[in-house]
Amino acid sequence: MHDLHDDESPEALGPSRSQLRREALDIFKLAETLSNLSEAELARVPLDDDLREEVRRTRAVTSHIARKRQNQFLAKQMRKLDEESVEAIRYALGVDREKAHRETAAMHRLETWRERLLAEGDDALAEFIAQHPSADRQRLRQLVRNALAERKADKPPHAYRELFRVLREASDSDAGAAE
């Protein structure tokens with residue numbers, strides 16, 4: 001009744017063809033990600049010199065089909081790495097991605113504060129000052145007034161941008177004091 005012999009158990013056969021394909025595709029996506037990094041981002045990824053140079057060669061290719069072929073070659077080179085090296089690359093890319101998500105979320109919070117300050121005035125300002133005691137209330141109030149005047153007169157948004165910068169500085173200084 002039992003067709004499988006002891007040496008043909010699923011463990012003895014090794015990974016399935018589908019599993020091997022998934023792993024190869026995962027490495028290909030990792031290679032594509034590496035080839036899309038800027039030089040500064042690439043410098044933070046733990047790669048040996050040969051692989052780093054291969055990433056640079058891949059980045060230099062501009063033709064779509066040739067770039068895909070070059071990415072495939074890069075992935076082939078990466079499949080030669082041990083699992084520990086691949087995990088180190090994934091970890092470095094994941095940390096950068098998490099940091100970028102946190103920075104984006106912080107920027108959105110500041111944009112929300114800026115819009116609240118322009119819409120709600122002193123009530124929102126009092127709430128922001130309560131959360132960020134180092135902020136300069138008078139400077140913020142002046143920038144809110146100037147930004148509203150710019151908006152009303154259809155002028156370039158200098159005070160609007162300055163308001164964002166001041167909000168970011170207040171947020172950063174309070175975050176630095178909390179650490």
# chains A, B, ... in the order shown; residues from 1 in each chain; ligands from 1

call {"tool": "residues_around", "arguments": {"residues": "Ser38 in chain A", "least_positions_apart": "3", "cutoff": "12 Å", "atoms": "only C-alpha atoms", "output": "PDB file with N, CA and C atoms, in the first residue's frame"}}
result
ATOM      1  N   THR A  33      16.683  45.007  -6.580  1.00  0.00           N
ATOM      2  CA  THR A  33      16.691  46.033  -5.535  1.00  0.00           C
ATOM      3  C   THR A  33      18.089  46.636  -5.401  1.00  0.00           C
ATOM      4  N   LEU A  34      19.096  45.784  -5.376  1.00  0.00           N
ATOM      5  CA  LEU A  34      20.477  46.278  -5.263  1.00  0.00           C
ATOM      6  C   LEU A  34      20.840  47.166  -6.445  1.00  0.00           C
ATOM      7  N   SER A  35      20.415  46.772  -7.641  1.00  0.00           N
ATOM      8  CA  SER A  35      20.786  47.548  -8.825  1.00  0.00           C
ATOM      9  C   SER A  35      20.053  48.882  -8.901  1.00  0.00           C
ATOM     10  N   GLU A  41      23.422  54.443  -0.751  1.00  0.00           N
ATOM     11  CA  GLU A  41      22.680  53.313  -0.182  1.00  0.00           C
ATOM     12  C   GLU A  41      23.452  52.010  -0.367  1.00  0.00           C
ATOM     13  N   LEU A  42      24.069  51.863  -1.528  1.00  0.00           N
ATOM     14  CA  LEU A  42      24.840  50.656  -1.821  1.00  0.00           C
ATOM     15  C   LEU A  42      26.029  50.517  -0.876  1.00  0.00           C
ATOM     16  N   ALA A  43      26.608  51.636  -0.480  1.00  0.00           N
ATOM     17  CA  ALA A  43      27.767  51.603   0.413  1.00  0.00           C
ATOM     18  C   ALA A  43      27.420  51.010   1.772  1.00  0.00           C
ATOM     19  N   ARG A  44      26.160  51.097   2.185  1.00  0.00           N
ATOM     20  CA  ARG A  44      25.743  50.572   3.487  1.00  0.00           C
ATOM     21  C   ARG A  44      25.423  49.080   3.457  1.00  0.00           C
ATOM     22  N   VAL A  45      25.406  48.488   2.270  1.00  0.00           N
ATOM     23  CA  VAL A  45      25.072  47.068   2.134  1.00  0.00           C
ATOM     24  C   VAL A  45      26.370  46.252   2.169  1.00  0.00           C
ATOM     25  N   VAL A  55      27.144  45.014  -9.314  1.00  0.00           N
ATOM     26  CA  VAL A  55      25.956  45.864  -9.136  1.00  0.00           C
ATOM     27  C   VAL A  55      26.153  47.164  -9.911  1.00  0.00           C
ATOM     28  N   ARG A  56      27.346  47.730  -9.831  1.00  0.00           N
ATOM     29  CA  ARG A  56      27.617  48.980 -10.568  1.00  0.00           C
ATOM     30  C   ARG A  56      27.506  48.760 -12.074  1.00  0.00           C
ATOM     31  N   ARG A  59      23.916  48.619 -12.961  1.00  0.00           N
ATOM     32  CA  ARG A  59      23.302  49.953 -12.936  1.00  0.00           C
ATOM     33  C   ARG A  59      23.631  50.756 -14.181  1.00  0.00           C
ATOM     34  N   ALA A  60      24.789  50.491 -14.775  1.00  0.00           N
ATOM     35  CA  ALA A  60      25.230  51.260 -15.944  1.00  0.00           C
ATOM     36  C   ALA A  60      24.434  50.901 -17.202  1.00  0.00           C
TER      37      ALA A  60
END

call {"tool": "residues_around", "arguments": {"residues": "range 134-151 of chain A", "least_positions_apart": "4", "cutoff": "7 Å", "atoms": "only C-alpha atoms", "output": "PyMOL selection string"}}
result
chain A and resi 117-118+129+155-157+159-160+163+170+174

call {"tool": "write_last_selection", "arguments": {"atoms": "N, CA and C atoms", "output": "short mmCIF file (atom, residue, chain, number, x, y, z; two decimals), in the first residue's frame"}}
result
data_model
loop_
_atom_site.label_atom_id
_atom_site.label_comp_id
_atom_site.auth_asym_id
_atom_site.auth_seq_id
_atom_site.Cartn_x
_atom_site.Cartn_y
_atom_site.Cartn_z
N LEU A 117 -2.21 73.93 11.88
CA LEU A 117 -1.88 75.28 12.36
C LEU A 117 -2.51 76.34 11.46
N LEU A 118 -2.50 76.09 10.16
CA LEU A 118 -3.09 77.07 9.23
C LEU A 118 -4.62 77.09 9.34
N ILE A 129 2.69 73.19 20.99
CA ILE A 129 3.63 73.66 22.01
C ILE A 129 3.62 72.72 23.22
N LYS A 155 0.93 84.23 -3.55
CA LYS A 155 2.38 84.44 -3.62
C LYS A 155 3.09 83.10 -3.44
N PRO A 156 4.37 83.05 -3.79
CA PRO A 156 5.14 81.81 -3.57
C PRO A 156 5.13 81.43 -2.08
N PRO A 157 5.13 80.14 -1.79
CA PRO A 157 4.95 79.68 -0.40
C PRO A 157 6.23 79.68 0.45
N ALA A 159 6.92 81.31 3.42
CA ALA A 159 6.61 81.13 4.85
C ALA A 159 6.01 79.74 5.10
N TYR A 160 5.27 79.23 4.14
CA TYR A 160 4.68 77.89 4.25
C TYR A 160 5.79 76.85 4.40
N LEU A 163 7.66 77.35 7.70
CA LEU A 163 6.87 76.79 8.80
C LEU A 163 7.15 75.30 8.96
N ALA A 170 11.75 71.79 15.68
CA ALA A 170 11.18 71.65 17.03
C ALA A 170 10.95 70.18 17.36
N ASP A 174 13.11 68.07 20.28
CA ASP A 174 12.41 67.39 21.37
C ASP A 174 12.64 65.90 21.34
#

call {"tool": "residues_around", "arguments": {"residues": "Lys76 in chain A", "least_positions_apart": "4", "cutoff": "10 Å", "atoms": "only C-alpha atoms", "output": "short mmCIF file (atom, residue, chain, number, x, y, z; two decimals) with N, CA and C atoms, in the first residue's frame"}}
result
data_model
loop_
_atom_site.label_atom_id
_atom_site.label_comp_id
_atom_site.auth_asym_id
_atom_site.auth_seq_id
_atom_site.Cartn_x
_atom_site.Cartn_y
_atom_site.Cartn_z
N ALA A 24 15.03 31.25 -6.29
CA ALA A 24 15.73 31.94 -7.37
C ALA A 24 15.05 33.28 -7.68
N ILE A 27 15.98 35.80 -5.00
CA ILE A 27 17.33 36.33 -5.21
C ILE A 27 17.32 37.32 -6.38
N PHE A 28 16.54 37.03 -7.43
CA PHE A 28 16.45 37.95 -8.57
C PHE A 28 15.87 39.29 -8.12
N ALA A 31 18.47 41.15 -6.30
CA ALA A 31 19.43 41.71 -7.25
C ALA A 31 18.88 42.98 -7.89
N GLN A 70 21.19 41.57 -17.37
CA GLN A 70 22.28 41.87 -16.44
C GLN A 70 21.84 41.60 -15.00
N ASN A 71 20.58 41.91 -14.67
CA ASN A 71 20.04 41.59 -13.34
C ASN A 71 20.03 40.08 -13.12
N GLN A 72 19.70 39.33 -14.16
CA GLN A 72 19.70 37.87 -14.05
C GLN A 72 21.12 37.36 -13.79
N LYS A 80 25.48 32.20 -5.59
CA LYS A 80 26.71 31.54 -5.16
C LYS A 80 27.07 31.89 -3.71
N LEU A 81 26.45 32.96 -3.19
CA LEU A 81 26.72 33.38 -1.81
C LEU A 81 26.12 32.39 -0.83
#

call {"tool": "closest_residue", "arguments": {"among": "A:Arg79, A:Lys99, A:His158, A:Arg116", "to": "Asp26 in chain A", "atoms": "only C-alpha atoms"}}
result
A:Arg79

call {"tool": "select_by_dssp", "arguments": {"residues": "range 1-169 of chain A", "states": "alpha helix (DSSP H)", "output": "number ranges by chain"}}
result
A: 10-13, 17-35, 39-43, 49-60, 64-79, 83-120, 122-131, 137-152, 158-169

call {"tool": "closest_residue", "arguments": {"among": "A:Arg69, A:Arg21, A:Arg168, A:His64", "to": "Trp113 in chain A", "atoms": "only C-alpha atoms"}}
result
A:Arg168
